[in-house]
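For reference, work-v8.pdb is printed below; it contains PDB, C-alpha atoms.
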```
ATOM      1  CA  MET B   1     -72.406  24.802  -9.806
ATOM      2  CA  THR B   2     -73.587  24.651 -13.367
ATOM      3  CA  LYS B   3     -73.393  21.543 -15.479
ATOM      4  CA  PHE B   4     -70.789  23.290 -17.628
ATOM      5  CA  SER B   5     -68.507  24.222 -14.741
ATOM      6  CA  LYS B   6     -68.759  20.653 -13.341
ATOM      7  CA  MET B   7     -67.607  19.278 -16.671
ATOM      8  CA  ALA B   8     -64.797  21.845 -16.841
ATOM      9  CA  LEU B   9     -63.592  20.900 -13.360
ATOM     10  CA  CYS B  10     -63.702  17.194 -14.288
ATOM     11  CA  ALA B  11     -61.689  17.880 -17.443
ATOM     12  CA  LEU B  12     -59.144  19.851 -15.424
ATOM     13  CA  VAL B  13     -58.680  17.013 -12.886
ATOM     14  CA  ILE B  14     -58.406  14.314 -15.568
ATOM     15  CA  GLY B  15     -56.044  16.473 -17.593
ATOM     16  CA  GLY B  16     -53.907  17.145 -14.523
ATOM     17  CA  LEU B  17     -53.751  13.436 -13.655
ATOM     18  CA  SER B  18     -52.864  12.446 -17.195
ATOM     19  CA  LEU B  19     -50.116  15.069 -17.335
ATOM     20  CA  THR B  20     -48.766  13.836 -13.998
ATOM     21  CA  SER B  21     -48.652  10.274 -15.253
ATOM     22  CA  CYS B  22     -46.723  11.436 -18.273
ATOM     23  CA  SER B  23     -44.082  13.137 -16.172
ATOM     24  CA  LYS B  24     -40.541  11.727 -16.181
ATOM     25  CA  ASP B  25     -40.717  10.236 -12.685
ATOM     26  CA  ASP B  26     -40.303   6.716 -14.033
ATOM     27  CA  SER B  27     -37.334   7.549 -16.258
ATOM     28  CA  THR B  28     -34.185   5.465 -15.596
ATOM     29  CA  PRO B  29     -31.568   7.209 -13.450
ATOM     30  CA  ALA B  30     -28.250   8.178 -15.017
ATOM     31  CA  PRO B  31     -25.787   5.268 -14.819
ATOM     32  CA  ALA B  32     -23.546   5.437 -11.752
ATOM     33  CA  THR B  33     -19.870   6.193 -12.322
ATOM     34  CA  PRO B  34     -17.870   2.956 -12.084
ATOM     35  CA  SER B  35     -15.684   2.616  -8.998
ATOM     36  CA  ILE B  36     -12.048   3.706  -9.131
ATOM     37  CA  TYR B  37     -11.055   0.038  -8.971
ATOM     38  CA  GLU B  38     -13.184  -0.757 -12.018
ATOM     39  CA  ARG B  39     -11.753   2.187 -13.923
ATOM     40  CA  LEU B  40      -8.248   0.913 -13.138
ATOM     41  CA  GLY B  41      -9.037  -2.428 -14.746
ATOM     42  CA  GLY B  42     -11.370  -4.053 -12.223
ATOM     43  CA  THR B  43     -11.495  -7.772 -11.619
ATOM     44  CA  THR B  44     -10.264  -8.855 -15.058
ATOM     45  CA  LEU B  45      -7.467 -11.344 -14.477
ATOM     46  CA  VAL B  46      -4.119 -10.603 -16.124
ATOM     47  CA  ASP B  47      -0.636 -12.120 -15.853
ATOM     48  CA  ASP B  48       1.297 -10.954 -12.801
ATOM     49  CA  PRO B  49       4.483  -9.418 -14.245
ATOM     50  CA  ASP B  50       6.290  -9.646 -10.886
ATOM     51  CA  SER B  51       5.709 -13.350 -10.394
ATOM     52  CA  SER B  52       8.278 -15.813 -11.643
ATOM     53  CA  ASP B  53       5.445 -18.326 -12.148
ATOM     54  CA  PRO B  54       3.739 -17.560 -15.499
ATOM     55  CA  ALA B  55       0.551 -19.249 -14.262
ATOM     56  CA  VAL B  56       0.019 -16.600 -11.575
ATOM     57  CA  THR B  57      -2.624 -14.019 -12.439
ATOM     58  CA  ILE B  58      -3.763 -10.858 -10.699
ATOM     59  CA  GLU B  59      -6.833  -8.609 -10.962
ATOM     60  CA  ALA B  60      -6.039  -5.688 -13.287
ATOM     61  CA  GLY B  61      -7.288  -3.147 -10.717
ATOM     62  CA  ARG B  62      -5.048  -4.621  -8.023
ATOM     63  CA  LEU B  63      -2.057  -4.683 -10.379
ATOM     64  CA  ALA B  64      -2.628  -0.997 -11.216
ATOM     65  CA  TYR B  65      -2.645  -0.106  -7.533
ATOM     66  CA  ARG B  66       0.439  -2.222  -6.827
ATOM     67  CA  LYS B  67       2.307  -0.470  -9.617
ATOM     68  CA  VAL B  68       1.375   2.933  -8.216
ATOM     69  CA  VAL B  69       2.412   1.824  -4.706
ATOM     70  CA  ASN B  70       5.757   0.486  -5.981
ATOM     71  CA  THR B  71       6.441   3.633  -7.987
ATOM     72  CA  THR B  72       5.523   5.771  -4.964
ATOM     73  CA  ILE B  73       8.031   3.863  -2.831
ATOM     74  CA  GLY B  74      10.613   4.168  -5.630
ATOM     75  CA  LEU B  75      10.149   7.943  -5.804
ATOM     76  CA  ILE B  76      10.482   8.225  -2.028
ATOM     77  CA  VAL B  77      13.666   6.131  -2.136
ATOM     78  CA  ALA B  78      15.042   8.323  -4.942
ATOM     79  CA  ASP B  79      14.640  11.352  -2.676
ATOM     80  CA  VAL B  80      16.121   9.848   0.476
ATOM     81  CA  GLN B  81      19.180  11.858   1.386
ATOM     82  CA  SER B  82      21.030  12.220   4.589
ATOM     83  CA  ASN B  83      20.167  15.475   6.370
ATOM     84  CA  ALA B  84      17.951  16.698   3.506
ATOM     85  CA  SER B  85      14.815  18.445   4.664
ATOM     86  CA  GLY B  86      11.406  17.729   3.151
ATOM     87  CA  ASN B  87      11.915  14.109   2.108
ATOM     88  CA  LEU B  88      10.358  11.199   3.945
ATOM     89  CA  SER B  89      13.581   9.508   5.064
ATOM     90  CA  ALA B  90      12.562   9.742   8.721
ATOM     91  CA  HIS B  91       9.630   7.435   7.952
ATOM     92  CA  PHE B  92      11.246   5.102   5.455
ATOM     93  CA  ALA B  93      14.924   4.810   6.452
ATOM     94  CA  PRO B  94      14.370   1.908   8.885
ATOM     95  CA  LEU B  95      12.540  -0.019   6.134
ATOM     96  CA  LEU B  96      15.310   0.696   3.622
ATOM     97  CA  ALA B  97      17.963  -0.400   6.093
ATOM     98  CA  GLU B  98      16.197  -3.766   6.376
ATOM     99  CA  VAL B  99      15.930  -4.113   2.608
ATOM    100  CA  GLN B 100      19.616  -3.300   2.277
ATOM    101  CA  ALA B 101      20.317  -6.155   4.662
ATOM    102  CA  ASN B 102      18.269  -8.462   2.382
ATOM    103  CA  ASN B 103      15.295  -8.538   4.719
ATOM    104  CA  THR B 104      12.409  -7.744   2.385
ATOM    105  CA  THR B 105       9.568  -8.985   4.571
ATOM    106  CA  ASN B 106       8.424  -5.590   5.792
ATOM    107  CA  LEU B 107       8.712  -3.979   2.357
ATOM    108  CA  ALA B 108       6.553  -6.766   0.895
ATOM    109  CA  GLU B 109       4.042  -6.350   3.730
ATOM    110  CA  LEU B 110       3.900  -2.586   3.242
ATOM    111  CA  VAL B 111       3.277  -2.953  -0.504
ATOM    112  CA  ASP B 112       0.712  -5.688   0.121
ATOM    113  CA  ASN B 113      -1.115  -3.748   2.851
ATOM    114  CA  LEU B 114      -1.247  -0.506   0.869
ATOM    115  CA  THR B 115      -2.447  -2.363  -2.238
ATOM    116  CA  ASP B 116      -5.122  -4.192  -0.200
ATOM    117  CA  PHE B 117      -6.245  -0.994   1.513
ATOM    118  CA  PHE B 118      -6.641   1.099  -1.616
ATOM    119  CA  SER B 119      -8.105  -1.734  -3.694
ATOM    120  CA  TYR B 120     -10.703  -2.768  -1.130
ATOM    121  CA  ASN B 121     -11.804   0.761  -0.281
ATOM    122  CA  THR B 122     -12.249   1.873  -3.861
ATOM    123  CA  GLY B 123     -14.400  -0.994  -5.098
ATOM    124  CA  GLY B 124     -12.144  -4.076  -5.256
ATOM    125  CA  THR B 125     -14.067  -6.063  -2.693
ATOM    126  CA  ASN B 126     -12.994  -9.576  -3.702
ATOM    127  CA  ALA B 127     -11.278 -11.629  -0.998
ATOM    128  CA  VAL B 128      -7.864 -11.160  -2.617
ATOM    129  CA  ASN B 129      -7.955  -7.496  -1.573
ATOM    130  CA  THR B 130      -9.090  -7.999   2.012
ATOM    131  CA  TYR B 131      -7.232  -5.510   4.193
ATOM    132  CA  SER B 132      -6.155  -7.013   7.482
ATOM    133  CA  GLY B 133      -3.840  -4.268   8.750
ATOM    134  CA  LEU B 134      -4.384  -1.674  11.448
ATOM    135  CA  ASP B 135      -6.920   1.089  10.965
ATOM    136  CA  MET B 136      -5.478   4.354   9.655
ATOM    137  CA  VAL B 137      -5.370   6.071  13.050
ATOM    138  CA  ALA B 138      -3.563   3.197  14.779
ATOM    139  CA  ALA B 139      -1.262   2.524  11.796
ATOM    140  CA  HIS B 140       0.050   6.097  11.946
ATOM    141  CA  ASN B 141       0.359   6.374  15.689
ATOM    142  CA  PRO B 142       3.982   5.588  16.602
ATOM    143  CA  ALA B 143       2.892   4.544  20.086
ATOM    144  CA  VAL B 144       0.700   1.782  18.646
ATOM    145  CA  ASN B 145       2.683   0.984  15.506
ATOM    146  CA  THR B 146       6.409   1.171  16.183
ATOM    147  CA  ARG B 147       7.015   0.769  12.424
ATOM    148  CA  MET B 148       5.779   4.327  12.128
ATOM    149  CA  GLY B 149       9.058   6.037  12.987
ATOM    150  CA  VAL B 150       7.727   9.504  13.720
ATOM    151  CA  LYS B 151       4.350  11.212  13.639
ATOM    152  CA  ALA B 152       3.302  12.410  10.167
ATOM    153  CA  THR B 153       2.873  16.151   9.768
ATOM    154  CA  ASP B 154       0.575  17.950   7.338
ATOM    155  CA  ALA B 155       3.627  18.770   5.204
ATOM    156  CA  ASN B 156       4.720  15.097   5.217
ATOM    157  CA  TYR B 157       1.294  14.019   4.033
ATOM    158  CA  THR B 158       1.141  16.660   1.311
ATOM    159  CA  LYS B 159       4.559  15.448   0.143
ATOM    160  CA  PHE B 160       3.305  11.838   0.193
ATOM    161  CA  GLU B 161       0.235  12.813  -1.851
ATOM    162  CA  GLY B 162       2.584  14.429  -4.351
ATOM    163  CA  TYR B 163       4.547  11.176  -4.646
ATOM    164  CA  VAL B 164       1.348   9.159  -5.183
ATOM    165  CA  GLY B 165       0.125  11.667  -7.772
ATOM    166  CA  ALA B 166       3.427  11.494  -9.666
ATOM    167  CA  ALA B 167       3.357   7.687  -9.429
ATOM    168  CA  ALA B 168      -0.200   7.590 -10.824
ATOM    169  CA  VAL B 169       0.850   9.791 -13.756
ATOM    170  CA  GLN B 170       3.882   7.564 -14.413
ATOM    171  CA  ASN B 171       1.511   4.600 -14.537
ATOM    172  CA  GLY B 172      -0.846   6.094 -17.079
ATOM    173  CA  VAL B 173      -3.384   8.091 -15.033
ATOM    174  CA  ALA B 174      -3.267  11.567 -16.597
ATOM    175  CA  ALA B 175      -3.451  14.472 -14.138
ATOM    176  CA  ASN B 176      -6.329  16.170 -16.000
ATOM    177  CA  THR B 177      -8.747  13.231 -15.704
ATOM    178  CA  GLN B 178     -11.669  12.551 -13.382
ATOM    179  CA  LEU B 179      -9.931   9.334 -12.302
ATOM    180  CA  TYR B 180      -6.910  11.306 -11.046
ATOM    181  CA  THR B 181      -9.209  13.781  -9.232
ATOM    182  CA  ASP B 182     -11.059  10.881  -7.593
ATOM    183  CA  ILE B 183      -7.808   9.243  -6.442
ATOM    184  CA  VAL B 184      -6.634  12.545  -4.921
ATOM    185  CA  ALA B 185     -10.029  12.883  -3.190
ATOM    186  CA  VAL B 186      -9.566   9.431  -1.602
ATOM    187  CA  LEU B 187      -6.087  10.416  -0.401
ATOM    188  CA  GLU B 188      -7.366  13.720   0.951
ATOM    189  CA  SER B 189     -10.097  11.900   2.899
ATOM    190  CA  LEU B 190      -7.320  10.033   4.745
ATOM    191  CA  ARG B 191      -5.441  13.157   5.842
ATOM    192  CA  ASP B 192      -7.305  13.555   9.145
ATOM    193  CA  PRO B 193      -6.747  10.040  10.520
ATOM    194  CA  ILE B 194      -3.126   9.980   9.328
ATOM    195  CA  VAL B 195      -1.960  13.435  10.432
ATOM    196  CA  GLN B 196      -2.465  13.222  14.191
TER     197      GLN B 196
ATOM    198  CA  MET J   1     -15.081 -39.715  44.437
ATOM    199  CA  LYS J   2     -17.085 -36.546  43.945
ATOM    200  CA  SER J   3     -13.976 -34.335  43.926
ATOM    201  CA  ASN J   4     -12.294 -36.705  41.424
ATOM    202  CA  LYS J   5     -15.217 -36.218  39.072
ATOM    203  CA  LYS J   6     -14.925 -32.447  39.445
ATOM    204  CA  ILE J   7     -11.199 -32.516  38.640
ATOM    205  CA  LYS J   8     -11.918 -34.709  35.621
ATOM    206  CA  THR J   9     -14.564 -32.257  34.394
ATOM    207  CA  VAL J  10     -12.212 -29.271  34.824
ATOM    208  CA  LEU J  11      -9.362 -31.070  33.012
ATOM    209  CA  LEU J  12     -11.653 -32.100  30.161
ATOM    210  CA  SER J  13     -12.923 -28.518  29.899
ATOM    211  CA  PHE J  14      -9.360 -27.209  29.652
ATOM    212  CA  LEU J  15      -8.541 -29.846  27.046
ATOM    213  CA  GLY J  16     -11.672 -28.888  25.084
ATOM    214  CA  ILE J  17     -10.777 -25.171  25.174
ATOM    215  CA  PHE J  18      -7.184 -25.953  24.153
ATOM    216  CA  LEU J  19      -8.360 -28.091  21.233
ATOM    217  CA  LEU J  20     -10.813 -25.397  20.147
ATOM    218  CA  LEU J  21      -8.114 -22.696  20.233
ATOM    219  CA  PHE J  22      -5.717 -24.985  18.376
ATOM    220  CA  VAL J  23      -8.286 -25.590  15.648
ATOM    221  CA  ILE J  24      -8.899 -21.819  15.363
ATOM    222  CA  LEU J  25      -5.134 -21.213  15.142
ATOM    223  CA  VAL J  26      -4.733 -23.850  12.447
ATOM    224  CA  TYR J  27      -7.704 -22.371  10.565
ATOM    225  CA  HIS J  28      -6.155 -18.898  10.707
ATOM    226  CA  ILE J  29      -2.790 -20.150   9.505
ATOM    227  CA  ALA J  30      -4.427 -22.160   6.759
ATOM    228  CA  THR J  31      -6.615 -19.322   5.496
ATOM    229  CA  ALA J  32      -4.079 -16.482   5.888
ATOM    230  CA  LYS J  33      -3.467 -14.645   2.613
ATOM    231  CA  PRO J  34       0.212 -15.040   1.680
ATOM    232  CA  VAL J  35       2.129 -11.815   1.071
ATOM    233  CA  GLU J  36       2.618 -11.218  -2.643
ATOM    234  CA  ASN J  37       6.155 -11.135  -3.979
ATOM    235  CA  ALA J  38       7.874 -11.423  -0.614
ATOM    236  CA  THR J  39      11.332 -11.539  -2.196
ATOM    237  CA  ILE J  40      11.046  -8.319  -4.180
ATOM    238  CA  GLN J  41      13.686  -5.829  -3.087
ATOM    239  CA  VAL J  42      14.038  -2.133  -3.894
ATOM    240  CA  SER J  43      17.532  -0.840  -4.708
ATOM    241  CA  ARG J  44      19.070   2.378  -5.939
ATOM    242  CA  ILE J  45      22.063   3.467  -8.004
ATOM    243  CA  ASP J  46      23.322   7.077  -7.948
ATOM    244  CA  PHE J  47      24.971   8.288 -11.176
ATOM    245  CA  ASP J  48      27.307  11.233 -11.552
ATOM    246  CA  LYS J  49      25.010  13.158 -13.917
ATOM    247  CA  PRO J  50      21.258  13.483 -14.513
ATOM    248  CA  PHE J  51      19.423  11.514 -17.207
ATOM    249  CA  ASP J  52      17.665  13.122 -20.158
ATOM    250  CA  SER J  53      14.693  11.467 -21.891
ATOM    251  CA  LEU J  54      16.857   9.400 -24.261
ATOM    252  CA  SER J  55      19.343   8.205 -21.670
ATOM    253  CA  THR J  56      16.389   7.374 -19.386
ATOM    254  CA  ILE J  57      14.999   4.966 -21.987
ATOM    255  CA  ASP J  58      18.467   3.513 -22.505
ATOM    256  CA  ILE J  59      19.210   2.886 -18.834
ATOM    257  CA  LYS J  60      15.747   1.364 -18.323
ATOM    258  CA  GLN J  61      16.299  -1.040 -21.230
ATOM    259  CA  LYS J  62      19.710  -2.038 -19.928
ATOM    260  CA  LEU J  63      18.386  -2.652 -16.437
ATOM    261  CA  HIS J  64      15.414  -4.634 -17.801
ATOM    262  CA  SER J  65      17.782  -6.915 -19.655
ATOM    263  CA  ILE J  66      19.342  -8.083 -16.372
ATOM    264  CA  ALA J  67      17.694 -11.214 -14.966
ATOM    265  CA  GLY J  68      15.642 -10.581 -11.852
ATOM    266  CA  VAL J  69      14.921  -6.873 -12.484
ATOM    267  CA  LYS J  70      11.191  -6.083 -12.434
ATOM    268  CA  ASP J  71       9.013  -3.689 -14.444
ATOM    269  CA  GLU J  72       9.078  -0.709 -12.111
ATOM    270  CA  ILE J  73      12.182   1.360 -12.766
ATOM    271  CA  ILE J  74      12.162   4.959 -11.554
ATOM    272  CA  VAL J  75      14.605   7.446 -13.006
ATOM    273  CA  LYS J  76      14.727  10.766 -11.193
ATOM    274  CA  ARG J  77      17.482  13.277 -11.929
ATOM    275  CA  ASN J  78      20.723  11.254 -11.498
ATOM    276  CA  VAL J  79      19.105   8.474  -9.469
ATOM    277  CA  VAL J  80      17.760   5.135 -10.645
ATOM    278  CA  VAL J  81      15.542   3.090  -8.339
ATOM    279  CA  TYR J  82      14.531  -0.406  -9.372
ATOM    280  CA  PHE J  83      12.795  -3.482  -7.992
ATOM    281  CA  HIS J  84      14.312  -6.942  -8.254
ATOM    282  CA  ASP J  85      13.802 -10.486  -7.068
ATOM    283  CA  ASN J  86      16.640 -11.077  -4.649
ATOM    284  CA  ARG J  87      16.457 -14.848  -5.164
ATOM    285  CA  ILE J  88      17.654 -14.260  -8.712
ATOM    286  CA  ALA J  89      20.050 -11.342  -8.266
ATOM    287  CA  ASP J  90      21.088  -9.116  -5.380
ATOM    288  CA  SER J  91      21.702  -5.388  -5.783
ATOM    289  CA  LYS J  92      25.482  -5.808  -5.998
ATOM    290  CA  LYS J  93      25.231  -8.334  -8.828
ATOM    291  CA  ILE J  94      22.807  -6.097 -10.740
ATOM    292  CA  TYR J  95      25.036  -3.061 -10.222
ATOM    293  CA  ASN J  96      28.096  -4.960 -11.479
ATOM    294  CA  GLN J  97      26.226  -6.217 -14.556
ATOM    295  CA  LEU J  98      24.877  -2.745 -15.372
ATOM    296  CA  MET J  99      28.328  -1.208 -15.143
ATOM    297  CA  THR J 100      29.554  -3.600 -17.846
ATOM    298  CA  LYS J 101      26.828  -2.343 -20.225
ATOM    299  CA  GLY J 102      28.092   1.236 -20.508
ATOM    300  CA  ASN J 103      30.729   3.709 -19.474
ATOM    301  CA  TYR J 104      29.047   4.856 -16.290
ATOM    302  CA  LYS J 105      30.249   6.634 -13.224
ATOM    303  CA  ALA J 106      27.880   5.471 -10.566
ATOM    304  CA  GLU J 107      27.659   4.230  -7.027
ATOM    305  CA  ARG J 108      25.403   1.623  -5.512
ATOM    306  CA  PHE J 109      23.338   3.458  -2.917
ATOM    307  CA  VAL J 110      23.978   2.317   0.594
ATOM    308  CA  LEU J 111      21.891   3.965   3.261
ATOM    309  CA  PRO J 112      24.079   6.360   5.299
ATOM    310  CA  GLU J 113      24.782   5.024   8.753
ATOM    311  CA  ASN J 114      23.084   7.938  10.483
ATOM    312  CA  LEU J 115      19.851   7.102   8.661
ATOM    313  CA  ALA J 116      20.148   3.331   8.857
ATOM    314  CA  ASN J 117      20.643   3.453  12.608
ATOM    315  CA  LYS J 118      18.031   6.126  13.148
ATOM    316  CA  GLN J 119      16.105   5.500  16.318
ATOM    317  CA  VAL J 120      12.442   4.902  15.760
ATOM    318  CA  CYS J 121      11.299   7.487  18.244
ATOM    319  CA  PRO J 122       7.746   7.391  19.522
ATOM    320  CA  VAL J 123       5.781  10.589  19.855
ATOM    321  CA  MET J 124       4.873   9.737  23.422
ATOM    322  CA  LYS J 125       7.615  10.198  25.976
ATOM    323  CA  LYS J 126       9.038   6.788  26.860
ATOM    324  CA  ASP J 127       9.005   7.593  30.560
ATOM    325  CA  GLY J 128       5.405   8.855  30.404
ATOM    326  CA  ILE J 129       2.521   6.967  32.036
ATOM    327  CA  SER J 130       0.455   6.756  28.831
ATOM    328  CA  TYR J 131       3.387   5.223  26.903
ATOM    329  CA  LYS J 132       4.063   2.656  29.640
ATOM    330  CA  PHE J 133       0.364   1.773  29.857
ATOM    331  CA  THR J 134       0.078   1.385  26.050
ATOM    332  CA  LYS J 135       3.101  -0.917  26.047
ATOM    333  CA  LEU J 136       1.684  -2.986  28.903
ATOM    334  CA  VAL J 137      -1.657  -3.459  27.124
ATOM    335  CA  GLN J 138       0.127  -4.346  23.867
ATOM    336  CA  LYS J 139       2.258  -6.916  25.664
ATOM    337  CA  VAL J 140      -0.841  -8.595  27.090
ATOM    338  CA  PHE J 141      -2.705  -8.783  23.782
ATOM    339  CA  ASN J 142       0.141  -9.312  21.301
TER     340      ASN J 142
END
```

Would you write out, as structure tokens, the structure that this file holds?
Amino acid sequence: MTKFSKMALCALVIGGLSLTSCSKDDSTPAPATPSIYERLGGTTLVDDPDSSDPAVTIEAGRLAYRKVVNTTIGLIVADVQSNASGNLSAHFAPLLAEVQANNTTNLAELVDNLTDFFSYNTGGTNAVNTYSGLDMVAAHNPAVNTRMGVKATDANYTKFEGYVGAAAVQNGVAANTQLYTDIVAVLESLRDPIVQ
Amino acid sequence: MKSNKKIKTVLLSFLGIFLLLFVILVYHIATAKPVENATIQVSRIDFDKPFDSLSTIDIKQKLHSIAGVKDEIIVKRNVVVYFHDNRIADSKKIYNQLMTKGNYKAERFVLPENLANKQVCPVMKKDGISYKFTKLVQKVFN
């Protein structure tokens, strides 16, 4: 090898190394999308509008979920009709009968459990959102959970998703946003364990 | 003498286990997260005609003005569903107050008997082995 070609090879190696070191490997990754819980208000404490005690506060993300859960239940109740097909009265009538008789314990537990479940699993991991209910398979198996009146069908679940979607829109989550799409994706991921 | 010592040891062991379980129970009760808003009730009023956007705002305002009624009010077609604190006002009281605020034709929704008394029917056959076994296991652990 001639002196010239040795120098050329050296220049090529050094040039290659310097170009490699200038590559964008060390650039900072794109910031991660905040969790759904954060986008719904996160852990910022706000007044709880449903508490009679003005000193009681609630995380904004949890409040957003609770509002959606309440509106969902309200929409289901609005559709409950005797002998009407397609509504979810078969699943919710026993609960409504209790409420009508002034026994609100199970309604409160349902709202609380649903709020905990969605909050905790979408980024609200503070202790206030700890979900202590049954797992989704057991919770929707009438043999394990007698509160589950009848088995949920695919059509039932699609209807339920529709109620949640409408409730989210009524509470300020527009249907053409990424947040709405992400909430629907979470619901869709639960279809398999719920529809048994 | 030896057997007396054994009995004493067994009794003390039982007492120790009982005390330990009692402490765990107390801890669980003490640290259990209370259910939020346990006295919030959901109620419904059916009107004779559907609401348009203006009458929706109006009925929501009127309901809000009644003590005990919460933020979430759902108006769908001719139906209004609302949440309220039943320590402050029950559904009958709220219905009566709302009716004095306008010339409405409406009925407080009472769940039809055939729905209210609906049997919660399990998917498994009640006389099936798997159902009986599930119940037996649940009885032991619950």

Would you mind listing what lies within 7 Å of Ala38 of chain J as a list in words, with all atoms listed in the file counted and same-chain residues fewer than 6 positions away left out?
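So, after excluding close chain neighbours, the residues are Thr104, Thr105 and Ala108 of chain B.
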
Find, counting all atoms listed in the file, the residue in J:Asp85, J:Asp52, J:Leu63, J:Leu11 that gets nearest to chain B.
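Answer, going by the shortest atom-to-atom distance: J:Asp85.
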
Cut-off 10 Å around (2.2, -4.5, -1.9) with only C-alpha atoms: residues as a PDB file with C-alpha atoms, in the coordinates of the input:
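Result file selection.pdb:
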```
ATOM      1  CA  ARG B  62      -5.048  -4.621  -8.023  1.00  0.00           C
ATOM      2  CA  LEU B  63      -2.057  -4.683 -10.379  1.00  0.00           C
ATOM      3  CA  TYR B  65      -2.645  -0.106  -7.533  1.00  0.00           C
ATOM      4  CA  ARG B  66       0.439  -2.222  -6.827  1.00  0.00           C
ATOM      5  CA  LYS B  67       2.307  -0.470  -9.617  1.00  0.00           C
ATOM      6  CA  VAL B  68       1.375   2.933  -8.216  1.00  0.00           C
ATOM      7  CA  VAL B  69       2.412   1.824  -4.706  1.00  0.00           C
ATOM      8  CA  ASN B  70       5.757   0.486  -5.981  1.00  0.00           C
ATOM      9  CA  ASN B 106       8.424  -5.590   5.792  1.00  0.00           C
ATOM     10  CA  LEU B 107       8.712  -3.979   2.357  1.00  0.00           C
ATOM     11  CA  ALA B 108       6.553  -6.766   0.895  1.00  0.00           C
ATOM     12  CA  GLU B 109       4.042  -6.350   3.730  1.00  0.00           C
ATOM     13  CA  LEU B 110       3.900  -2.586   3.242  1.00  0.00           C
ATOM     14  CA  VAL B 111       3.277  -2.953  -0.504  1.00  0.00           C
ATOM     15  CA  ASP B 112       0.712  -5.688   0.121  1.00  0.00           C
ATOM     16  CA  ASN B 113      -1.115  -3.748   2.851  1.00  0.00           C
ATOM     17  CA  LEU B 114      -1.247  -0.506   0.869  1.00  0.00           C
ATOM     18  CA  THR B 115      -2.447  -2.363  -2.238  1.00  0.00           C
ATOM     19  CA  ASP B 116      -5.122  -4.192  -0.200  1.00  0.00           C
ATOM     20  CA  PHE B 117      -6.245  -0.994   1.513  1.00  0.00           C
TER      21      PHE B 117
ATOM     22  CA  VAL J  35       2.129 -11.815   1.071  1.00  0.00           C
ATOM     23  CA  GLU J  36       2.618 -11.218  -2.643  1.00  0.00           C
ATOM     24  CA  ASN J  37       6.155 -11.135  -3.979  1.00  0.00           C
ATOM     25  CA  ALA J  38       7.874 -11.423  -0.614  1.00  0.00           C
ATOM     26  CA  ILE J  40      11.046  -8.319  -4.180  1.00  0.00           C
TER      27      ILE J  40
END
```

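A straight line drawn from atom CA of Val42 of chain J to atom CA of Asp71 of chain J is 11.8 Å long.
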
Translate the ChimeraX specification (/J :<7) & /B, as applied to the file shown, into an explicit residue set as number ranges by chain.
B: 50-51, 71, 74-75, 78, 82, 93-94, 97, 99, 104-105, 108-109, 112, 142-143, 149-151

In Å to one decimal, how far is atom CA of Val164 of chain B from atom CA of Ile76 of chain B?
9.7 Å

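With all atoms listed in the file as the atoms that count, the minimum distance from Gln178 of chain B to the choices B:Pro34, B:Gly61, B:Pro29, B:Pro193 is reached by B:Pro34.
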
Counting only C-alpha atoms, the residue of B:Asn156, B:Thr177, B:Asn171, B:Thr125 that sits nearest Gly42 of chain B:
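Of B:Asn156, B:Thr177, B:Asn171, B:Thr125, the one nearest Gly42 of chain B is B:Thr125, counting only C-alpha atoms.
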